[in-house]
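What follows is the content of structure32.cif, which has mmCIF, C-alpha atoms and all ligand atoms:
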data_target
loop_
_atom_site.label_atom_id
_atom_site.label_comp_id
_atom_site.auth_asym_id
_atom_site.auth_seq_id
_atom_site.Cartn_x
_atom_site.Cartn_y
_atom_site.Cartn_z
CA MET A 27 8.78 5.04 -9.93
CA LYS A 28 10.43 7.47 -7.55
CA TYR A 29 9.13 7.99 -4.02
CA HIS A 30 9.97 11.06 -1.95
CA VAL A 31 9.03 10.66 1.71
CA LEU A 32 8.93 13.76 3.92
CA THR A 33 9.33 12.50 7.48
CA LEU A 34 10.90 13.05 10.90
CA PHE A 35 11.99 9.38 10.87
CA PRO A 36 13.80 8.74 7.56
CA GLU A 37 15.66 5.73 8.99
CA MET A 38 12.32 4.02 9.68
CA ILE A 39 11.35 4.42 6.01
CA GLU A 40 14.76 3.32 4.72
CA ASN A 41 14.97 0.28 6.99
CA GLY A 42 11.42 -0.79 6.17
CA MET A 43 11.85 -0.42 2.43
CA LYS A 44 15.30 -2.02 2.08
CA THR A 45 14.08 -5.53 2.91
CA SER A 46 12.45 -8.17 0.73
CA ILE A 47 10.90 -7.34 -2.64
CA THR A 48 10.97 -3.54 -2.31
CA GLY A 49 14.63 -3.78 -1.28
CA ARG A 50 15.50 -5.80 -4.35
CA ALA A 51 13.51 -3.39 -6.56
CA ILE A 52 15.55 -0.48 -5.16
CA GLU A 53 18.84 -2.34 -5.74
CA GLU A 54 17.79 -3.16 -9.31
CA GLY A 55 16.76 0.45 -10.02
CA LYS A 56 13.10 -0.42 -10.63
CA ILE A 57 12.01 1.96 -7.86
CA PHE A 58 13.84 4.85 -6.19
CA LEU A 59 13.50 5.98 -2.59
CA ASP A 60 14.38 9.50 -1.42
CA SER A 61 13.59 9.96 2.27
CA VAL A 62 13.82 13.58 3.34
CA ASN A 63 14.31 14.48 6.99
CA ILE A 64 11.99 17.41 7.74
CA ARG A 65 14.28 18.27 10.67
CA ASP A 66 17.02 19.22 8.17
CA TYR A 67 14.75 22.14 7.22
CA ALA A 68 14.21 23.45 10.76
CA PHE A 69 14.73 27.21 10.71
CA ASN A 70 15.93 27.67 14.32
CA LYS A 71 19.21 26.78 15.93
CA HIS A 72 17.69 24.00 18.07
CA ASN A 73 16.40 22.08 15.03
CA LYS A 74 12.93 22.27 16.56
CA VAL A 75 10.08 21.50 14.13
CA ASP A 76 7.04 21.49 16.44
CA ASP A 77 5.30 24.00 18.69
CA TYR A 78 2.22 24.39 20.90
CA PRO A 79 -1.19 24.53 19.20
CA TYR A 80 -2.85 27.96 18.98
CA GLY A 81 -6.06 27.79 21.01
CA GLY A 82 -4.54 25.34 23.45
CA GLY A 83 -5.04 21.62 23.83
CA ALA A 84 -2.92 18.53 24.16
CA GLY A 85 0.26 17.78 22.26
CA MET A 86 2.40 19.58 19.73
CA VAL A 87 1.88 20.59 16.11
CA MET A 88 4.43 20.25 13.31
CA GLN A 89 5.17 23.75 12.04
CA ALA A 90 4.45 24.78 8.46
CA GLU A 91 7.82 26.16 7.31
CA PRO A 92 10.09 23.08 7.72
CA VAL A 93 7.47 20.92 5.97
CA TYR A 94 7.20 23.49 3.17
CA LEU A 95 10.98 23.75 2.71
CA ALA A 96 11.32 19.94 2.68
CA TYR A 97 8.59 19.79 0.00
CA LYS A 98 10.27 22.56 -2.04
CA SER A 99 13.61 20.70 -1.90
CA VAL A 100 12.04 17.81 -3.81
CA SER A 101 9.51 19.64 -6.03
CA GLU A 102 12.04 22.16 -7.37
CA HIS A 103 13.62 19.33 -9.39
CA MET A 104 10.34 18.37 -11.08
CA ASP A 105 8.74 19.63 -14.32
CA LYS A 106 5.17 19.36 -13.04
CA LYS A 107 3.51 19.52 -9.63
CA PRO A 108 3.65 16.01 -8.14
CA LYS A 109 0.88 14.21 -6.29
CA VAL A 110 1.49 14.86 -2.60
CA ILE A 111 -0.11 12.27 -0.35
CA TYR A 112 -0.71 13.22 3.27
CA LEU A 113 -1.09 10.14 5.47
CA THR A 114 -3.92 10.85 7.87
CA PRO A 115 -6.77 8.91 9.49
CA GLN A 116 -9.01 11.66 8.01
CA GLY A 117 -8.20 10.60 4.43
CA SER A 118 -9.94 8.36 1.90
CA VAL A 119 -9.31 4.71 2.71
CA PHE A 120 -6.49 3.22 0.61
CA SER A 121 -7.56 0.51 -1.85
CA GLN A 122 -6.17 -1.65 -4.64
CA LYS A 123 -7.86 0.70 -7.11
CA MET A 124 -5.96 3.66 -5.63
CA ALA A 125 -2.71 1.67 -5.80
CA GLU A 126 -3.34 1.02 -9.51
CA GLU A 127 -4.01 4.71 -10.17
CA LEU A 128 -0.88 5.83 -8.31
CA ALA A 129 1.37 3.17 -9.89
CA VAL A 130 1.26 5.01 -13.26
CA GLU A 131 2.87 8.16 -11.80
CA ASP A 132 6.61 8.82 -12.35
CA GLU A 133 7.09 10.33 -8.89
CA LEU A 134 5.06 10.49 -5.69
CA VAL A 135 5.56 12.56 -2.56
CA PHE A 136 4.41 11.18 0.81
CA LEU A 137 4.03 13.53 3.78
CA CYS A 138 4.19 11.80 7.17
CA GLY A 139 2.81 13.64 10.18
CA HIS A 140 3.53 13.08 13.86
CA TYR A 141 2.42 14.51 17.19
CA GLU A 142 -1.08 15.97 16.98
CA GLY A 143 -0.70 16.80 13.29
CA ILE A 144 0.70 19.40 10.91
CA ASP A 145 -0.16 23.12 10.65
CA GLU A 146 -3.21 23.20 8.38
CA ARG A 147 -1.84 26.02 6.20
CA VAL A 148 0.98 23.97 4.70
CA ILE A 149 -1.38 21.04 4.16
CA GLU A 150 -3.66 23.38 2.15
CA GLU A 151 -0.65 24.64 0.22
CA ILE A 152 1.00 21.38 -0.89
CA VAL A 153 -1.23 18.32 -0.33
CA THR A 154 -3.20 16.89 -3.28
CA ASP A 155 -4.51 13.64 -1.68
CA ASN A 156 -5.41 12.74 1.92
CA VAL A 157 -5.13 8.98 2.47
CA SER A 158 -5.80 6.68 5.46
CA ILE A 159 -5.01 2.97 5.58
CA GLY A 160 -8.00 2.02 7.73
CA ASP A 161 -10.11 2.88 10.73
CA TYR A 162 -7.61 2.75 13.59
CA VAL A 163 -5.16 5.32 14.91
CA LEU A 164 -1.39 5.01 14.47
CA THR A 165 1.36 7.18 15.98
CA GLY A 166 2.52 8.55 12.64
CA GLY A 167 2.30 8.36 8.86
CA GLU A 168 5.45 6.29 8.27
CA LEU A 169 3.86 2.83 8.43
CA PRO A 170 0.94 3.93 6.21
CA ALA A 171 3.41 5.42 3.68
CA MET A 172 5.29 2.11 3.63
CA VAL A 173 2.04 0.17 3.23
CA MET A 174 1.17 2.32 0.22
CA MET A 175 4.64 2.10 -1.34
CA ASP A 176 4.61 -1.69 -0.95
CA ALA A 177 1.21 -2.04 -2.65
CA ILE A 178 2.16 0.40 -5.44
CA SER A 179 5.65 -1.06 -6.03
CA ARG A 180 4.38 -4.55 -6.77
CA LEU A 181 2.36 -3.04 -9.65
CA VAL A 182 5.43 -1.37 -11.19
CA PRO A 183 6.63 -3.42 -14.19
CA GLY A 184 9.62 -5.61 -13.36
CA VAL A 185 9.26 -5.47 -9.58
CA LEU A 186 7.70 -8.92 -9.20
CA ASN A 187 9.57 -11.91 -10.68
CA ASN A 188 6.61 -13.03 -12.69
CA GLU A 189 5.09 -10.16 -14.70
CA HIS A 190 1.72 -11.87 -14.49
CA SER A 191 1.63 -12.80 -10.84
CA ALA A 192 0.16 -9.47 -9.69
CA GLU A 193 -2.86 -9.88 -11.97
CA PHE A 194 -4.07 -13.11 -10.48
CA GLU A 195 -4.00 -12.24 -6.84
CA SER A 196 -6.65 -11.20 -4.37
CA PHE A 197 -8.81 -8.25 -5.39
CA GLN A 198 -7.89 -8.19 -9.04
CA ASP A 199 -11.35 -9.62 -9.76
CA ASN A 200 -12.86 -8.58 -6.44
CA LEU A 201 -12.43 -12.23 -5.44
CA LEU A 202 -10.13 -13.59 -2.74
CA GLU A 203 -7.37 -16.01 -3.69
CA TYR A 204 -7.89 -19.77 -3.69
CA PRO A 205 -5.95 -21.90 -1.15
CA GLN A 206 -2.44 -23.11 -2.06
CA TYR A 207 -0.68 -26.36 -1.18
CA SER A 208 2.89 -27.63 -1.51
CA ARG A 209 4.81 -30.76 -0.49
CA PRO A 210 4.31 -33.05 1.31
CA GLU A 211 1.14 -34.59 -0.11
CA VAL A 212 0.07 -35.62 3.42
CA TRP A 213 0.95 -33.39 6.39
CA ARG A 214 -0.22 -34.46 9.88
CA GLU A 215 -2.88 -36.63 8.29
CA LYS A 216 -4.17 -33.74 6.17
CA ARG A 217 -4.16 -34.56 2.47
CA VAL A 218 -3.80 -32.13 -0.45
CA PRO A 219 -7.14 -31.86 -2.33
CA GLN A 220 -7.22 -34.71 -4.84
CA VAL A 221 -8.09 -32.52 -7.83
CA LEU A 222 -4.72 -30.71 -7.53
CA MET A 223 -2.90 -34.07 -7.89
CA SER A 224 -4.94 -35.08 -10.96
CA GLY A 225 -3.02 -33.14 -13.62
CA HIS A 226 -6.40 -32.23 -15.17
CA HIS A 227 -5.91 -28.53 -15.83
CA ALA A 228 -9.52 -27.63 -16.63
CA ASN A 229 -10.74 -29.29 -13.43
CA ILE A 230 -8.02 -27.57 -11.41
CA GLU A 231 -8.95 -24.16 -12.86
CA ARG A 232 -12.64 -24.75 -12.11
CA TRP A 233 -11.91 -25.92 -8.54
CA ARG A 234 -9.73 -22.88 -7.88
CA ARG A 235 -12.33 -20.50 -9.26
CA GLN A 236 -14.98 -22.09 -7.05
CA GLN A 237 -12.72 -21.92 -3.98
CA SER A 238 -12.20 -18.20 -4.66
CA ILE A 239 -15.94 -17.63 -4.84
CA LEU A 240 -16.59 -19.74 -1.73
CA ARG A 241 -13.90 -17.91 0.28
CA THR A 242 -15.14 -14.51 -0.79
CA LYS A 243 -18.72 -15.42 0.17
CA GLU A 244 -17.59 -16.72 3.58
CA ARG A 245 -15.01 -14.07 4.45
CA ARG A 246 -15.74 -10.88 2.46
CA PRO A 247 -19.30 -11.19 1.10
CA GLU A 248 -19.46 -7.43 0.41
CA LEU A 249 -16.83 -7.85 -2.35
CA LEU A 250 -19.08 -10.17 -4.39
CA LYS A 251 -21.40 -7.41 -5.62
CA ASP A 252 -18.53 -5.95 -7.68
CA ALA A 253 -17.04 -9.30 -8.75
CA ASP A 254 -17.03 -10.18 -12.42
CA LEU A 255 -18.92 -13.51 -12.40
CA ASP A 256 -19.89 -15.52 -15.47
CA ASP A 257 -22.94 -17.82 -15.71
CA ALA A 258 -21.06 -20.85 -14.35
CA ASP A 259 -19.78 -18.76 -11.40
CA LYS A 260 -23.30 -17.55 -10.62
CA LEU A 261 -24.68 -21.08 -10.76
CA PHE A 262 -21.96 -22.23 -8.36
CA LEU A 263 -22.68 -19.31 -6.02
CA LYS A 264 -26.36 -20.28 -5.93
CA SER A 265 -25.44 -23.87 -5.08
CA ILE A 266 -23.47 -22.94 -1.93
CL1 LIG B 1 -2.55 7.40 7.27
N1 LIG B 1 -2.10 7.90 9.83
C1 LIG B 1 -2.28 7.67 11.14
N2 LIG B 1 -1.62 8.40 12.03
N3 LIG B 1 -3.11 6.73 11.59
C2 LIG B 1 -3.75 6.01 10.67
C3 LIG B 1 -3.60 6.20 9.29
C4 LIG B 1 -2.76 7.17 8.90
N4 LIG B 1 -4.38 5.32 8.65
C5 LIG B 1 -4.99 4.62 9.59
N5 LIG B 1 -4.63 5.04 10.81
#
Let me see whether you can do it: turn the structure in this file into structure tokens.
Ligand code: 6GU
Amino acid sequence: MKYHVLTLFPEMIENGMKTSITGRAIEEGKIFLDSVNIRDYAFNKHNKVDDYPYGGGAGMVMQAEPVYLAYKSVSEHMDKKPKVIYLTPQGSVFSQKMAEELAVEDELVFLCGHYEGIDERVIEEIVTDNVSIGDYVLTGGELPAMVMMDAISRLVPGVLNNEHSAEFESFQDNLLEYPQYSRPEVWREKRVPQVLMSGHHANIERWRRQQSILRTKERRPELLKDADLDDADKLFLKSI
């Protein structure tokens, strides 16, 4: 997977991505990060990339041409038109399903806006997908782009240590994860659930499944309608 991020703050993207699991994945060549500074494509001698909005109003607008030239600098090396994701609170809300769909692409382009936005004409020209990460307003698209790259990267083969660990986590089944415990067996008078100490694998699996269902019902009941529940799961759900 190769990410191209068009941004006014490339160091924010690089610093955010070079830590932890995404950082290791970059070092190991499992994912590639190309952050492109839109300011390098400013077409005036002051390196200015924003201007006043036509029609008046607050703030500044990122101009079309530097964004277009930054996009061209990455797309000219590609055989086909890439998906170009514009991070905007006006987009479709990002989800695990979207992450799965995007994880199969070879290359993705993220366009990060700032100020009051980007000239609509270049958005019409290059953007294929408008994506938001939730109903709140951020100062720019960099954090949302990093959120998306993190969620997508962990689905790229080889990025997580355990090939299977991504499958079993929250949302894979539309169920939340069960609680986890580690040593010590008693911490501040709180004991690890006895079933986990029993060594009885079938009982442990059943308890974990039931904890997932219980948690989802308590915390995210709206997920349950799309959860894949068998007869035993449904019986348990009725009992709680
Ligand atoms: Cl993608 N951008 C901005 N600026 N704010 C957001 C967002 C994106 N998603 C949620 N809030």
### Task
Output the neighbourhood of ligand LIG 1 (chain B) as number ranges by chain, that is, all protein and nucleic acid residues with some atom at most 12 Å from the ligand, counting only C-alpha atoms and all ligand atoms.
A: 111-121, 136-144, 155-174
### Message
Report, in Å with one decimal, the straight-line distance from CA of Met88 in chain A to CA of Glu151 in chain A.
### Response
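Straight-line distance from CA of Met88 in chain A to CA of Glu151 in chain A works out to 14.7 Å.
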### Selection near range 34-47 of chain A, 6 Å with only C-alpha atoms, sequence-local residues under 4 positions removed, as a list in words
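These residues fall inside the cut-off: Ser61, Asn63 and Ile64 of chain A.
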Go ahead and save the picked residues with C-alpha atoms, as a PDB file, in the coordinates of the input.
ATOM      1  CA  SER A  61      13.590   9.960   2.270  1.00  0.00           C
ATOM      2  CA  ASN A  63      14.310  14.480   6.990  1.00  0.00           C
ATOM      3  CA  ILE A  64      11.990  17.410   7.740  1.00  0.00           C
TER       4      ILE A  64
END
### Message
Report as a list of chain:residue names all protein, DNA and RNA residues lying within 8 Å of range 181-187 of chain A, evaluated on all atoms listed in the file, omitting residues in the same chain fewer than 3 positions from it.
### Response
A:Met27, A:Ile47, A:Thr48, A:Ala51, A:Lys56, A:Ala125, A:Glu126, A:Ala129, A:Val130, A:Ala177, A:Ile178, A:Ser191, A:Ala192
### Task
Determine, counting only C-alpha atoms, which protein, DNA and RNA residues have an atom within 12 Å of an atom of Val218 in chain A; residues of the same chain fewer than 4 positions away are not included. Present the result as a list in words.
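In the requested format, the answer is Pro205, Gln206, Tyr207, Ser208, Arg209, Pro210, Glu211, Val212, Trp213, Arg214, Leu222, Met223 and Ser224 of chain A.
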### Task
May I have the residues within 8 Å of Ile266 in chain A as a PyMOL selection string, using all atoms listed in the file and disregarding those fewer than 3 positions away in the same chain?
chain A and resi 240+262-263
### Message
Could you check the closest approach to Arg245 in chain A for each of A:Leu202, A:Ile52, A:Ile230, A:Val221 and tell me which residue wins, using only C-alpha atoms?
### Response
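Closest candidate: A:Leu202.
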Draw an axis-aligned box over all listed atoms of range 69-82 of chain A, pad each side with 3 Å, and write its centre and edge lengths in Å, one decimal, as lines of an AutoDock Vina configuration file.
center_x = 6.6
center_y = 24.7
center_z = 17.1
size_x = 31.3
size_y = 12.5
size_z = 18.7
### Task
Would you mind telling me which residue in A:Arg65, A:Lys107, A:His226, A:Arg180 lies nearest to Val153 in chain A when using all atoms listed in the file?
A:Lys107
### Query
If you count all atoms listed in the file, which residues fall within 12 Å of Gln236 in chain A, apart from same-chain ones fewer than 4 positions away, as a PyMOL selection string?
chain A and resi 201-205+229-232+240-243+255-256+258-266
### Query
Which distance in Å separates CA of Gly55 in chain A and CA of Met104 in chain A, to one decimal?
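Straight-line distance from CA of Gly55 in chain A to CA of Met104 in chain A works out to 19.1 Å.
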#### Entry: Atomic distance CA of Tyr67 in chain A - CA of Lys109 in chain A, expressed in Å with one decimal
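The value is 20.9 Å.
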### Task
Kindly indicate which residue among A:Asp77, A:Asp254, A:Glu127, A:Asp105 lies nearest to Ser179 in chain A, using all atoms listed in the file for the distances.
A:Glu127
### Query
For the point (13.0, 23.0, 14.3) in file coordinates, what residues are within 10 Å, counting only C-alpha atoms? Give the answer as a VMD selection string?
chain A and resid 64 to 77 88 to 89 91 to 92
### Task
Choose the residue, out of A:Leu128, A:Glu146, A:Val93, A:Glu102, that has the smallest atom-to-atom separation from Asp176 in chain A; count all atoms listed in the file.
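Comparing A:Leu128, A:Glu146, A:Val93, A:Glu102 against Asp176 in chain A, the winner is A:Leu128.
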